[in-house]
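Asks: Just structure-v4.txt, nothing more (compact mmCIF, C-alpha atoms and all ligand atoms):
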```txt
# COMPACT_ATOMS: atom_id res chain seq x y z
CA MET A 1 -1.64 -47.58 42.65
CA LYS A 2 -3.94 -45.35 40.67
CA PHE A 3 -3.56 -41.84 39.33
CA SER A 4 -3.43 -39.05 41.93
CA PRO A 5 -6.86 -38.35 43.50
CA LEU A 6 -7.45 -35.12 41.58
CA LEU A 7 -6.34 -36.65 38.29
CA ALA A 8 -8.61 -39.66 38.88
CA GLU A 9 -11.45 -37.24 39.62
CA LEU A 10 -10.78 -35.36 36.38
CA ILE A 11 -10.79 -38.57 34.33
CA ASN A 12 -14.00 -39.67 35.99
CA ALA A 13 -15.68 -36.29 35.46
CA LEU A 14 -14.83 -36.37 31.75
CA THR A 15 -16.83 -39.58 31.34
CA CYS A 16 -20.01 -37.52 31.83
CA LEU A 17 -19.52 -36.59 28.17
CA PRO A 18 -21.50 -38.83 25.81
CA GLY A 19 -19.35 -41.38 24.01
CA VAL A 20 -16.39 -40.87 26.35
CA GLY A 21 -15.29 -43.97 28.24
CA ASN A 22 -12.47 -44.31 30.73
CA LYS A 23 -9.73 -44.69 28.12
CA SER A 24 -10.80 -41.66 26.08
CA ALA A 25 -11.18 -39.67 29.30
CA GLN A 26 -7.58 -40.50 30.22
CA ARG A 27 -6.40 -39.37 26.80
CA MET A 28 -8.38 -36.14 27.15
CA ALA A 29 -7.10 -35.42 30.66
CA PHE A 30 -3.47 -35.91 29.65
CA HIS A 31 -3.90 -33.91 26.48
CA LEU A 32 -5.34 -30.96 28.39
CA LEU A 33 -2.76 -31.12 31.19
CA GLU A 34 0.15 -31.41 28.78
CA ARG A 35 -0.88 -29.20 25.92
CA ASN A 36 -3.90 -27.04 26.55
CA ARG A 37 -4.44 -25.91 30.13
CA GLU A 38 -5.72 -22.58 28.90
CA GLY A 39 -8.30 -24.25 26.67
CA ALA A 40 -9.36 -26.44 29.59
CA LEU A 41 -9.75 -23.44 31.90
CA SER A 42 -11.84 -21.64 29.35
CA LEU A 43 -13.92 -24.80 28.80
CA SER A 44 -14.44 -24.89 32.58
CA ASN A 45 -15.72 -21.30 32.56
CA VAL A 46 -17.96 -21.70 29.55
CA LEU A 47 -19.41 -24.96 30.88
CA HIS A 48 -20.30 -23.21 34.11
CA ASN A 49 -21.86 -20.20 32.39
CA ALA A 50 -23.74 -22.30 29.89
CA MET A 51 -25.23 -24.63 32.50
CA GLU A 52 -26.22 -21.66 34.67
CA HIS A 53 -27.61 -19.39 31.98
CA ILE A 54 -28.83 -21.40 29.00
CA THR A 55 -32.50 -22.14 29.28
CA HIS A 56 -35.37 -22.60 26.85
CA CYS A 57 -36.78 -19.84 24.64
CA GLN A 58 -40.21 -18.95 25.99
CA ARG A 59 -41.66 -18.88 22.48
CA CYS A 60 -40.06 -21.81 20.65
CA ARG A 61 -38.36 -23.83 23.40
CA THR A 62 -34.94 -23.91 21.74
CA PHE A 63 -31.84 -23.48 23.89
CA THR A 64 -30.92 -19.85 24.48
CA GLU A 65 -29.60 -17.61 27.24
CA ASP A 66 -32.22 -14.99 26.28
CA GLU A 67 -35.84 -15.05 27.37
CA VAL A 68 -36.90 -15.14 23.73
CA CYS A 69 -34.42 -16.34 21.11
CA GLU A 70 -33.08 -14.36 18.17
CA ILE A 71 -35.27 -16.11 15.60
CA CYS A 72 -38.44 -15.60 17.60
CA ARG A 73 -37.59 -11.91 18.01
CA HIS A 74 -37.27 -11.44 14.23
CA PRO A 75 -40.27 -9.36 13.00
CA GLU A 76 -40.23 -10.64 9.39
CA ARG A 77 -40.19 -14.23 10.53
CA GLU A 78 -43.13 -13.49 12.77
CA ALA A 79 -44.94 -11.78 9.89
CA SER A 80 -44.43 -14.83 7.64
CA GLY A 81 -47.06 -16.75 9.55
CA LEU A 82 -45.04 -19.95 9.04
CA LEU A 83 -44.20 -22.19 11.97
CA CYS A 84 -41.86 -25.11 11.43
CA ILE A 85 -41.97 -27.89 14.03
CA VAL A 86 -38.68 -29.70 14.64
CA GLU A 87 -37.40 -32.12 17.24
CA SER A 88 -34.12 -30.44 18.15
CA PRO A 89 -32.06 -27.24 17.96
CA GLN A 90 -29.66 -29.06 15.60
CA ASP A 91 -32.58 -29.44 13.19
CA VAL A 92 -33.12 -25.66 13.31
CA LEU A 93 -29.46 -25.17 12.44
CA ALA A 94 -29.65 -27.64 9.55
CA ILE A 95 -32.73 -25.90 8.12
CA GLU A 96 -31.27 -22.42 8.62
CA GLN A 97 -28.18 -23.45 6.69
CA THR A 98 -30.29 -24.07 3.59
CA LEU A 99 -31.23 -20.35 3.64
CA SER A 100 -34.54 -21.33 2.06
CA TYR A 101 -36.89 -21.01 5.02
CA LYS A 102 -37.73 -17.66 6.56
CA GLY A 103 -40.40 -18.49 9.09
CA GLN A 104 -40.39 -19.32 12.77
CA TYR A 105 -39.74 -22.59 14.57
CA PHE A 106 -41.13 -24.57 17.40
CA VAL A 107 -38.61 -26.95 18.92
CA LEU A 108 -40.12 -30.00 20.62
CA MET A 109 -36.83 -31.01 22.29
CA GLY A 110 -37.78 -34.61 21.59
CA HIS A 111 -40.79 -36.50 20.29
CA LEU A 112 -43.80 -38.27 21.72
CA SER A 113 -42.70 -41.50 23.37
CA PRO A 114 -45.37 -42.80 25.74
CA ILE A 115 -43.17 -45.75 26.70
CA ASP A 116 -40.60 -43.31 28.13
CA GLY A 117 -43.29 -41.19 29.77
CA ILE A 118 -42.91 -38.44 27.17
CA GLY A 119 -46.38 -37.16 26.42
CA PRO A 120 -47.66 -33.97 24.77
CA ASP A 121 -46.84 -31.68 27.71
CA GLU A 122 -43.24 -32.93 27.91
CA ILE A 123 -42.61 -31.75 24.35
CA GLY A 124 -44.42 -28.43 24.84
CA LEU A 125 -47.58 -29.18 22.90
CA ASP A 126 -49.68 -27.31 25.49
CA LYS A 127 -47.63 -24.25 24.61
CA LEU A 128 -47.94 -24.96 20.89
CA GLU A 129 -51.71 -25.30 21.21
CA SER A 130 -52.14 -21.89 22.82
CA ARG A 131 -49.83 -20.47 20.19
CA LEU A 132 -52.05 -21.86 17.45
CA GLN A 133 -55.03 -20.23 19.18
CA GLU A 134 -53.34 -16.83 18.95
CA GLY A 135 -54.36 -16.77 15.31
CA ARG A 136 -51.09 -15.47 13.89
CA ILE A 137 -49.91 -18.77 12.39
CA SER A 138 -51.13 -19.42 8.85
CA GLU A 139 -49.28 -22.69 8.25
CA VAL A 140 -47.53 -25.25 10.38
CA ILE A 141 -44.74 -27.19 8.65
CA LEU A 142 -44.16 -30.54 10.32
CA ALA A 143 -40.44 -31.28 10.09
CA THR A 144 -40.09 -33.96 12.73
CA ASN A 145 -37.80 -36.87 11.84
CA PRO A 146 -39.19 -39.51 9.45
CA THR A 147 -39.00 -42.15 12.17
CA VAL A 148 -41.91 -43.97 13.79
CA GLU A 149 -41.92 -41.56 16.75
CA GLY A 150 -41.40 -38.51 14.54
CA GLU A 151 -44.32 -39.52 12.30
CA ALA A 152 -46.57 -40.19 15.29
CA THR A 153 -45.65 -36.81 16.73
CA ALA A 154 -46.34 -35.09 13.40
CA HIS A 155 -49.69 -36.83 13.20
CA TYR A 156 -50.61 -35.71 16.70
CA ILE A 157 -49.67 -32.10 15.95
CA ALA A 158 -51.62 -32.20 12.66
CA GLN A 159 -54.69 -32.93 14.78
CA LEU A 160 -53.98 -29.94 16.99
CA CYS A 161 -53.71 -27.80 13.85
CA ALA A 162 -57.01 -29.14 12.52
CA ASN A 163 -58.68 -28.31 15.84
CA ALA A 164 -57.34 -24.78 15.63
CA SER A 165 -58.17 -24.48 11.91
CA VAL A 166 -54.55 -23.92 10.98
CA ASP A 167 -53.15 -25.49 7.80
CA ALA A 168 -50.52 -28.13 8.42
CA SER A 169 -48.06 -29.66 5.97
CA ARG A 170 -45.44 -32.37 6.26
CA ILE A 171 -42.03 -32.11 4.62
CA ALA A 172 -41.79 -34.95 2.18
CA HIS A 173 -39.36 -35.24 -0.68
CA GLY A 174 -35.81 -36.34 -0.27
CA VAL A 175 -35.71 -37.13 3.41
CA PRO A 176 -34.78 -40.81 3.61
CA VAL A 177 -37.04 -42.87 5.86
CA GLY A 178 -35.19 -43.73 9.03
CA GLY A 179 -32.73 -40.84 8.53
CA GLU A 180 -32.06 -38.14 11.07
CA LEU A 181 -32.79 -34.61 9.97
CA GLU A 182 -29.62 -33.03 11.29
CA TYR A 183 -27.47 -35.19 9.00
CA ILE A 184 -29.33 -34.43 5.77
CA ASP A 185 -27.58 -32.20 3.22
CA GLY A 186 -29.01 -28.75 2.55
CA ASN A 187 -30.11 -29.51 -1.00
CA THR A 188 -32.21 -32.46 0.10
CA LEU A 189 -33.71 -30.39 2.87
CA THR A 190 -34.59 -27.60 0.44
CA HIS A 191 -36.41 -30.15 -1.75
CA ALA A 192 -38.17 -31.53 1.28
CA PHE A 193 -39.45 -28.07 2.13
CA SER A 194 -40.62 -27.08 -1.34
CA GLY A 195 -42.29 -30.49 -1.80
CA ARG A 196 -44.29 -30.34 1.41
CA ARG A 197 -47.91 -31.53 1.25
CA LYS A 198 -51.01 -30.71 3.16
CA VAL A 199 -51.91 -33.34 5.74
CA MET B 1 -28.67 -17.80 12.16
CA LYS B 2 -26.39 -19.73 14.44
CA PHE B 3 -26.88 -21.11 17.92
CA SER B 4 -27.17 -18.51 20.67
CA PRO B 5 -23.81 -16.85 21.47
CA LEU B 6 -23.30 -18.77 24.73
CA LEU B 7 -24.29 -22.09 23.18
CA ALA B 8 -21.95 -21.46 20.24
CA GLU B 9 -19.20 -20.64 22.73
CA LEU B 10 -19.85 -23.88 24.61
CA ILE B 11 -19.71 -25.95 21.42
CA ASN B 12 -16.51 -24.23 20.39
CA ALA B 13 -14.92 -24.71 23.82
CA LEU B 14 -15.67 -28.44 23.73
CA THR B 15 -13.58 -28.82 20.58
CA CYS B 16 -10.48 -28.22 22.73
CA LEU B 17 -10.89 -31.89 23.66
CA PRO B 18 -8.80 -34.21 21.48
CA GLY B 19 -10.84 -36.09 18.87
CA VAL B 20 -13.85 -33.82 19.31
CA GLY B 21 -14.93 -31.98 16.16
CA ASN B 22 -17.80 -29.56 15.74
CA LYS B 23 -20.47 -32.22 15.30
CA SER B 24 -19.43 -34.22 18.38
CA ALA B 25 -19.16 -30.99 20.36
CA GLN B 26 -22.76 -30.15 19.42
CA ARG B 27 -23.91 -33.56 20.56
CA MET B 28 -22.02 -33.17 23.83
CA ALA B 29 -23.41 -29.69 24.48
CA PHE B 30 -27.01 -30.78 23.89
CA HIS B 31 -26.57 -33.93 25.92
CA LEU B 32 -25.26 -31.97 28.90
CA LEU B 33 -27.89 -29.23 28.64
CA GLU B 34 -30.75 -31.70 28.28
CA ARG B 35 -29.70 -34.53 30.54
CA ASN B 36 -26.77 -33.81 32.77
CA ARG B 37 -26.33 -30.21 33.91
CA GLU B 38 -25.12 -31.41 37.28
CA GLY B 39 -22.45 -33.58 35.71
CA ALA B 40 -21.39 -30.66 33.54
CA LEU B 41 -21.13 -28.32 36.52
CA SER B 42 -19.03 -30.81 38.40
CA LEU B 43 -16.85 -31.32 35.30
CA SER B 44 -16.43 -27.54 35.20
CA ASN B 45 -15.23 -27.50 38.82
CA VAL B 46 -12.90 -30.45 38.49
CA LEU B 47 -11.42 -29.10 35.26
CA HIS B 48 -10.65 -25.83 37.00
CA ASN B 49 -9.12 -27.48 40.07
CA ALA B 50 -7.12 -29.95 38.01
CA MET B 51 -5.66 -27.29 35.71
CA GLU B 52 -4.79 -25.07 38.69
CA HIS B 53 -3.37 -27.71 41.00
CA ILE B 54 -2.01 -30.65 39.02
CA THR B 55 1.64 -30.23 38.32
CA HIS B 56 4.63 -32.53 37.90
CA CYS B 57 6.08 -34.67 40.70
CA GLN B 58 9.44 -33.14 41.62
CA ARG B 59 11.04 -36.58 41.73
CA CYS B 60 9.57 -38.51 38.79
CA ARG B 61 7.79 -35.85 36.71
CA THR B 62 4.43 -37.66 36.60
CA PHE B 63 1.23 -35.66 37.01
CA THR B 64 0.20 -35.09 40.61
CA GLU B 65 -1.25 -32.38 42.82
CA ASP B 66 1.38 -33.19 45.49
CA GLU B 67 4.94 -31.95 45.46
CA VAL B 68 6.16 -35.53 45.40
CA CYS B 69 3.81 -38.28 44.18
CA GLU B 70 2.60 -41.26 46.17
CA ILE B 71 4.93 -43.73 44.46
CA CYS B 72 8.00 -41.58 44.99
CA ARG B 73 7.09 -41.19 48.69
CA HIS B 74 6.95 -44.97 49.19
CA PRO B 75 9.98 -46.03 51.32
CA GLU B 76 10.14 -49.64 50.07
CA ARG B 77 10.10 -48.54 46.48
CA GLU B 78 12.91 -46.13 47.23
CA ALA B 79 14.83 -48.89 49.00
CA SER B 80 14.49 -51.18 45.94
CA GLY B 81 17.07 -49.15 44.04
CA LEU B 82 15.12 -49.80 40.82
CA LEU B 83 14.15 -46.95 38.51
CA CYS B 84 11.90 -47.64 35.54
CA ILE B 85 11.92 -45.07 32.74
CA VAL B 86 8.63 -44.64 30.87
CA GLU B 87 7.27 -42.13 28.41
CA SER B 88 3.91 -41.36 30.03
CA PRO B 89 1.81 -41.63 33.21
CA GLN B 90 -0.43 -44.14 31.39
CA ASP B 91 2.63 -46.39 31.06
CA VAL B 92 3.07 -46.22 34.85
CA LEU B 93 -0.55 -47.28 35.27
CA ALA B 94 -0.14 -50.19 32.84
CA ILE B 95 2.97 -51.43 34.67
CA GLU B 96 1.39 -50.96 38.11
CA GLN B 97 -1.56 -53.06 37.02
CA THR B 98 0.75 -56.04 36.49
CA LEU B 99 1.55 -55.91 40.25
CA SER B 100 4.97 -57.32 39.35
CA TYR B 101 7.17 -54.24 39.67
CA LYS B 102 7.90 -52.66 43.04
CA GLY B 103 10.45 -49.99 42.20
CA GLN B 104 10.27 -46.31 41.35
CA TYR B 105 9.56 -44.58 38.04
CA PHE B 106 10.85 -41.69 36.04
CA VAL B 107 8.29 -40.32 33.60
CA LEU B 108 9.76 -38.58 30.57
CA MET B 109 6.40 -37.10 29.50
CA GLY B 110 7.44 -37.75 25.91
CA HIS B 111 10.55 -38.89 24.07
CA LEU B 112 13.52 -37.33 22.32
CA SER B 113 12.40 -35.76 19.07
CA PRO B 114 14.96 -33.25 17.81
CA ILE B 115 12.78 -32.42 14.79
CA ASP B 116 10.09 -31.11 17.18
CA GLY B 117 12.64 -29.32 19.35
CA ILE B 118 12.35 -31.93 22.10
CA GLY B 119 15.86 -32.48 23.43
CA PRO B 120 17.17 -34.04 26.67
CA ASP B 121 16.14 -31.13 28.93
CA GLU B 122 12.56 -31.14 27.62
CA ILE B 123 12.09 -34.72 28.81
CA GLY B 124 13.81 -34.12 32.15
CA LEU B 125 17.10 -35.88 31.47
CA ASP B 126 19.02 -33.17 33.35
CA LYS B 127 16.97 -34.14 36.41
CA LEU B 128 17.50 -37.84 35.73
CA GLU B 129 21.22 -37.32 35.44
CA SER B 130 21.51 -35.68 38.83
CA ARG B 131 19.34 -38.41 40.27
CA LEU B 132 21.72 -41.05 38.93
CA GLN B 133 24.57 -39.15 40.59
CA GLU B 134 22.86 -39.43 43.98
CA GLY B 135 24.07 -43.04 44.06
CA ARG B 136 20.85 -44.61 45.33
CA ILE B 137 19.80 -46.19 42.03
CA SER B 138 21.22 -49.67 41.41
CA GLU B 139 19.45 -50.40 38.11
CA VAL B 140 17.63 -48.37 35.49
CA ILE B 141 14.98 -50.27 33.52
CA LEU B 142 14.36 -48.67 30.12
CA ALA B 143 10.66 -49.11 29.33
CA THR B 144 10.24 -46.50 26.60
CA ASN B 145 8.08 -47.54 23.66
CA PRO B 146 9.62 -49.83 20.99
CA THR B 147 9.35 -47.09 18.37
CA VAL B 148 12.19 -45.32 16.58
CA GLU B 149 11.99 -42.40 19.01
CA GLY B 150 11.54 -44.63 22.04
CA GLU B 151 14.59 -46.70 21.10
CA ALA B 152 16.68 -43.59 20.47
CA THR B 153 15.62 -42.19 23.83
CA ALA B 154 16.45 -45.49 25.58
CA HIS B 155 19.84 -45.51 23.89
CA TYR B 156 20.56 -41.95 25.03
CA ILE B 157 19.59 -42.73 28.63
CA ALA B 158 21.70 -45.91 28.59
CA GLN B 159 24.67 -43.64 27.89
CA LEU B 160 23.81 -41.44 30.86
CA CYS B 161 23.68 -44.58 33.01
CA ALA B 162 27.06 -45.74 31.74
CA ASN B 163 28.54 -42.33 32.55
CA ALA B 164 27.16 -42.59 36.09
CA SER B 165 28.18 -46.26 36.41
CA VAL B 166 24.59 -47.37 36.94
CA ASP B 167 23.37 -50.63 35.38
CA ALA B 168 20.74 -50.19 32.66
CA SER B 169 18.45 -52.80 31.12
CA ARG B 170 15.87 -52.68 28.35
CA ILE B 171 12.52 -54.46 28.72
CA ALA B 172 12.27 -57.43 26.37
CA HIS B 173 10.37 -56.99 23.14
CA GLY B 174 8.78 -59.94 21.48
CA VAL B 175 5.62 -61.84 20.85
CA PRO B 176 2.93 -60.82 23.36
CA VAL B 177 1.77 -63.64 25.61
CA GLY B 178 -1.36 -65.11 24.08
CA GLY B 179 -0.57 -63.47 20.74
CA GLU B 180 -0.62 -65.42 17.52
CA LEU B 181 2.60 -65.52 15.60
CA GLU B 182 1.02 -65.01 12.20
CA TYR B 183 -0.47 -61.65 13.27
CA ILE B 184 2.72 -60.22 14.77
CA ASP B 185 4.49 -57.60 12.68
CA GLY B 186 7.91 -58.37 11.27
CA ASN B 187 9.73 -55.86 13.41
CA THR B 188 8.39 -57.47 16.59
CA LEU B 189 9.25 -60.93 15.30
CA THR B 190 12.80 -59.81 14.57
CA HIS B 191 13.05 -58.58 18.16
CA ALA B 192 11.58 -61.87 19.40
CA PHE B 193 14.23 -63.83 17.52
CA SER B 194 17.22 -61.71 18.47
CA GLY B 195 16.07 -61.72 22.10
CA ARG B 196 15.66 -65.50 22.26
CA ARG B 197 16.78 -67.35 25.39
CA LYS B 198 17.98 -70.88 25.97
CA VAL B 199 15.34 -73.16 27.45
ZN ZN A 201 -37.35 -18.95 20.14
ZN ZN A 202 6.87 -39.13 41.64
```
Would you encode the structure as structure tokens?
Replies:
Amino acid sequence: MKFSPLLAELINALTCLPGVGNKSAQRMAFHLLERNREGALSLSNVLHNAMEHITHCQRCRTFTEDEVCEICRHPEREASGLLCIVESPQDVLAIEQTLSYKGQYFVLMGHLSPIDGIGPDEIGLDKLESRLQEGRISEVILATNPTVEGEATAHYIAQLCANASVDASRIAHGVPVGGELEYIDGNTLTHAFSGRRKV
Amino acid sequence: MKFSPLLAELINALTCLPGVGNKSAQRMAFHLLERNREGALSLSNVLHNAMEHITHCQRCRTFTEDEVCEICRHPEREASGLLCIVESPQDVLAIEQTLSYKGQYFVLMGHLSPIDGIGPDEIGLDKLESRLQEGRISEVILATNPTVEGEATAHYIAQLCANASVDASRIAHGVPVGGELEYIDGNTLTHAFSGRRKV
């Protein structure tokens, strides 16, 4: 005997969540059924809406349900001429929480990884290139992760900047090598920004 | 700046899952958006169906979308006259996996806990009592957890059985098969000693 078909289906569906195996999925299913059916129904609704409506910002590629995200629509950020390149939307959040950066972002949604078939187009560098050509960016701040792939990606983008005669800098101080940007505290990130160097 | 409203809503909704804080919810949201929108949409559907249709078996109280669950509908199990009392549907699964028990179950969906306002009616003992009166149960096997609350609950149900002149037994507690004596807690060892049998 197993659980009832629908319950088994629920447990199985919950394992689509990262880090959730069969045992955790069971615990989650029972928790929701016993204690939080309303929360589960609202999660069901939000999941549906989010998967149907969240897409990528047409300017910076971050996740948003708008055509152009809130940050990209901000006139002062546009006027700053600064464009910070990050790997993920979580990195944007981490940097925003420092309150020390007031420019725009470009979110790669990954990094160059030829071995996985992720080349320049897959991380939007074609889009970035034409954006650099627009002539409204005065400095690109490379804030990819200090990992091998992040460094290679930063290096590649620095070349694009050179081709377009746009200054590029790399965040430097305080970010531990091998660390992931989204887990760095705000103070360290602020230092990393103010200590950026031309590349 | 935060995430877009819908993305923030998704992250927040995911924290209704037990053991999922804000950071894990972020990771889950991004994983689903980037890599498994189909899985997320099917989770959304199943969650909705499960919350709308899964209810309690009218005989044994376990979770099921049927009025009476598969085990309770089984004629040989009914004919066995055995009724095993457990705290949760996971306990039913664990016992079923042994393939050594062929009777019916009664699932308390908890245990007596007066301090939390969980009395006999909250764990279905009114229903159990009338089932004992039906006269078709020859033995009740008390398989609640060997915790203070589980023992108290077993004790309470043993009284109900005595009142209805139905035999009641408690599963044996002791050293798990394959377990090493030196790692077993004292309480379990005490049980193992007091429950010793002649060989
Ligand atoms: Zn944007
Ligand atoms: Zn049942």
Asks: Relative to chain A, what is the Cα RMSD of chain B after a least-squares superposition using every Cα atom paired in order?
Replies: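 Least-squares fit of chain B onto chain A, C-alpha RMSD 5.4 Å.
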Asks: Select the residues contacting ligand ZN 202 (chain A) at a distance of at most 7 Å, based on all atoms listed in the file, then format the selection as an mmCIF file with C-alpha atoms, in the coordinates of the input.
Replies:
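Output file result-v3.cif follows:
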```cif
data_model
loop_
_atom_site.group_PDB
_atom_site.id
_atom_site.type_symbol
_atom_site.label_atom_id
_atom_site.label_comp_id
_atom_site.auth_asym_id
_atom_site.auth_seq_id
_atom_site.Cartn_x
_atom_site.Cartn_y
_atom_site.Cartn_z
ATOM 1 C CA CYS B 57 6.080 -34.670 40.700
ATOM 2 C CA GLN B 58 9.440 -33.140 41.620
ATOM 3 C CA ARG B 59 11.040 -36.580 41.730
ATOM 4 C CA CYS B 60 9.570 -38.510 38.790
ATOM 5 C CA ARG B 61 7.790 -35.850 36.710
ATOM 6 C CA THR B 62 4.430 -37.660 36.600
ATOM 7 C CA VAL B 68 6.160 -35.530 45.400
ATOM 8 C CA CYS B 69 3.810 -38.280 44.180
ATOM 9 C CA GLU B 70 2.600 -41.260 46.170
ATOM 10 C CA ILE B 71 4.930 -43.730 44.460
ATOM 11 C CA CYS B 72 8.000 -41.580 44.990
#
```
Asks: For Ala152 of chain B, work out the shell of residues within 12 Å, counting only C-alpha atoms and skipping chain neighbours fewer than 6 positions away, then give it as a VMD selection string.
Replies: chain B and resid 111 to 114 119 to 120 142 144 to 146 158 to 159
Asks: Just checking: using only C-alpha atoms and all ligand atoms, which residue out of A:Cys161, A:Leu108, A:Ile171, A:Leu125 ends up closest to ligand ZN 201 (chain A)?
Replies: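 For ligand ZN 201 (chain A), the nearest of the given residues is A:Leu108.
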Asks: Hey, could you pull the box centre and edge lengths for segment 161-172 of chain A, axis-aligned, 4 Å padding per side, all listed atoms, to one decimal in Å, as JSON?
Replies:
```
{"center_x": -50.2, "center_y": -29.4, "center_z": 9.0, "size_x": 24.9, "size_y": 19.0, "size_z": 21.7}
```
Asks: Counting all atoms listed in the file, collect the residues of chain A whose closest atom lies at most 8 Å from chain B, and write them out as a PyMOL selection string.
Replies: chain A and resi 1-4+6-7+9-10+13-14+16-18+27-28+31-33+36-37+39-51+54+63-65+69-71+90+93+96-97
Asks: To one decimal place in Å, what is the distance between atom CA of Gly186 of chain A and atom CA of Gly103 of chain A?
Replies: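 Value for the atom CA of Gly186 of chain A-atom CA of Gly103 of chain A distance: 16.7 Å.
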Asks: Go ahead and compute the interatomic distance for atom CA of Leu189 of chain B and atom CA of Ala172 of chain B, in Å to one decimal.
Replies: 12.0 Å
Asks: Residues within 10 Å of Val166 of chain B, please, as a ChimeraX atom specification. Count all atoms listed in the file; anything in the same chain fewer than 5 positions from it doesn't count.
Replies: /B:132-133,135-140,158-161
Asks: Can you measure atom CA of Asp167 of chain B to atom CA of His74 of chain B for me? One decimal in Å is fine.
Replies: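 Spanning atom CA of Asp167 of chain B to atom CA of His74 of chain B is a straight-line distance of 22.2 Å.
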Asks: Using all atoms listed in the file, which of A:Ile141, A:Arg35, A:Pro75, A:Phe106 sits nearest ligand ZN 201 (chain A)?
Replies: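 Once distances to ligand ZN 201 (chain A) are computed over all atoms listed in the file, the minimum belongs to A:Phe106.
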